[in-house]
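Asker: Could you have a look at this structure, given as structure tokens, before my questions?
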Amino acid sequence: MSKPSTLGGACIIASVCVGAGMLGLPSAGAGAWTLWSVIAISVTMIMMTLSGWLLLEALKHYEIKASFNTVAKDILSKKVNLINNLSLYFVGGILLYAYISSSGMIFSEMLGVSRELASVLFVALCSAFVLHSTRAVDRISIVLILFMIISFVLGVSGLASNISVPTLFAQSESESAFSGYALALLPVALTSFGYHHSVSTMRDYYQDEQRAQKAILGGTLIALTFYLGWVICIFGNVPRQEFGPVVTAGGGVDALMAALTSAIDSNSIKQALHVFSIAAIVSSFIGVGLGVFDYLADLFGFADTKQGRLKTWGVTFVPPLVFSLVAPFGFVAAIGLAGAAATIWTCIIPATLAKTLRQRAPVQEGFVVPGGNATIYMVIAFGVLTAAFHLLAMANLLPVFKG
């Protein structure tokens, strides 16, 4: 059997990231606008890549099938590990719930069936790749990323050709006044790079930490490219003050597309962006589903057999499907809590695990994240501050953009 490609792993990581970020970042960054949004998203990408590497470093001390849960259970207290498990599943589960709810509404219109049936069909078809194997997810992820790239280029090229520099940089307003809004953007940006439940999957897939490291970096760079291109094109076409209705509507895809439609009257661009949004949702669902699937298999001790994988499939996909059928419109409120919860297992816990294991074995062999303890403290500080910013934003103690 040929060795898995770095590109395939990078596409898996990118597919986990790209999705919610594409839908939420423009609205979340409307206050900060172009310059500060680019800075906030780029800094977040660097921190989240480093935190994933720290988790990868911690995993090297364990057998190849070990997951995030295995390491956390060995290193952390039972209470801290319980919080870590709950936060990881909460974020992964609520993202799956969001993708199922969104896809149900999208495909019900396309297929002419009820939203409930469309959601069930979506889960049955897309989760089959996860149920089969990581290699199947690799293959479909590459196809979906190609669809996303093609539709993204076709759609965004139309937007890019109409970018207005005064609109892009909001030259009629003071740029310095935008910086405060960037703080509230960080939790959304962090959630947009939340691939960490797939780190153990990458290590198991490659059987090599160095190759997994490259795949993680490749995946976050792909996601960053999508995010920055998307945000710049939207901010260059839709004036800042016109984001008021989009923000009021919760930053939903419909509101965002309505704003874009008013800026550019082109059916081909709208169709390309529609295809892109579908590919992003499908790829994110499969990528996030794979990470949660592997995590829960380790957590519950399900065997890697047909029967064991069916059990893991059930605990991974059935709960978010049921919630999406019962309450399909709760994502906007829940995603805010997901951002705060994600800081625990994407920044604080990985850095803590790496620090503890470095203390246990001062002489390090194999894969080690560069930067020493400074990297660890920097990642922890970023996670704590991002969570604090999120809570402050919820309490309306940070600047809130309303158009």
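In the structure tokens, each chain is lettered A, B, ... as it comes, each chain's residues begin at 1, and ligands are numbered from 1 in order of appearance.
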Write out as a PyMOL selection string the residues lying within 12 Å of A:Ser101, counting only C-alpha atoms and excluding same-chain residues fewer than 5 positions away.

Answerer: chain A and resi 94-96+106-108+115-120+122-123+281-282+285+320-332

Asker: Quick one: everything within 10 Å of stretch 39-51 of chain A, counting only C-alpha atoms, minus sequence neighbours fewer than 4 positions away in the same chain. Send it as a PyMOL selection string.

Answerer: chain A and resi 25+29+32+34-35+55-57+179+182-196+213+216-221+223-225+227-228+343+345-351+354+369-371+375-376+378-380+382-383+386

Asker: Would you compute the distance between atom CA of A:Val231 and atom CA of A:Pro26? Give it in Å to one decimal.

Answerer: 5.7 Å

Asker: Extract, using only C-alpha atoms, all DNA, RNA and protein residues at most 7 Å from stretch 128-130 of chain A, discarding same-chain residues fewer than 5 positions from it, and format them as JSON, numbers by chain.

Answerer: {"A": [136, 137, 286, 289, 290]}

Asker: Would you compute the distance between atom CA of A:Ala272 and atom CA of A:Leu154? Give it in Å to one decimal.

Answerer: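 Answer for the atom CA of A:Ala272 to atom CA of A:Leu154 separation: 6.1 Å.
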
Asker: Considering only C-alpha atoms, can you say which of A:Ile12, A:Leu121, A:Ile278, A:Leu398 comes closest to A:Arg135?

Answerer: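 Smallest separation from A:Arg135 among the options: A:Ile12.
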
Asker: Using only C-alpha atoms, which of A:Tyr206, A:Phe389, A:Tyr181, A:Tyr99 sits nearest A:Gly287?

Answerer: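 Checking each candidate against A:Gly287, we get A:Tyr99 as the closest.
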
Asker: When you look at A:Trp230 with a cut-off of 10 Å (counting only C-alpha atoms), what residues show up, excluding the ones that are within fewer than 4 positions of it in the same chain? I need them as a ChimeraX atom specification.

Answerer: /A:22-23,25-26,152,155-156,159-160,224-226,234-236

Asker: So which bits of stretch 150-373 of chain A end up helix (DSSP H, G or I) when you DSSP the backbone, as a PyMOL selection string?

Answerer: chain A and resi 150-160+165-168+175-178+181-192+196-206+209-235+240-248+253-263+267-300+306-326+331-360+372-373

Asker: May I have the residues within 6 Å of A:Gly8 as a ChimeraX atom specification, using only C-alpha atoms and disregarding those fewer than 3 positions away in the same chain?

Answerer: /A:5,11,138

Asker: Export N, CA and C atoms of the chosen residues as a PDB file, in the first residue's frame?

Answerer:
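This is the output file again18.pdb:
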```pdb
ATOM      1  N   SER A   5      -0.515  10.654   1.359  1.00  0.00           N
ATOM      2  CA  SER A   5       0.127  11.903   0.976  1.00  0.00           C
ATOM      3  C   SER A   5      -0.068  12.975   2.038  1.00  0.00           C
ATOM      4  N   CYS A  11      -5.684  18.328   3.514  1.00  0.00           N
ATOM      5  CA  CYS A  11      -7.064  18.558   3.082  1.00  0.00           C
ATOM      6  C   CYS A  11      -8.056  18.151   4.171  1.00  0.00           C
ATOM      7  N   ASP A 138     -10.046  10.836   3.435  1.00  0.00           N
ATOM      8  CA  ASP A 138      -8.942  11.461   2.698  1.00  0.00           C
ATOM      9  C   ASP A 138      -9.354  11.690   1.252  1.00  0.00           C
TER      10      ASP A 138
END
```
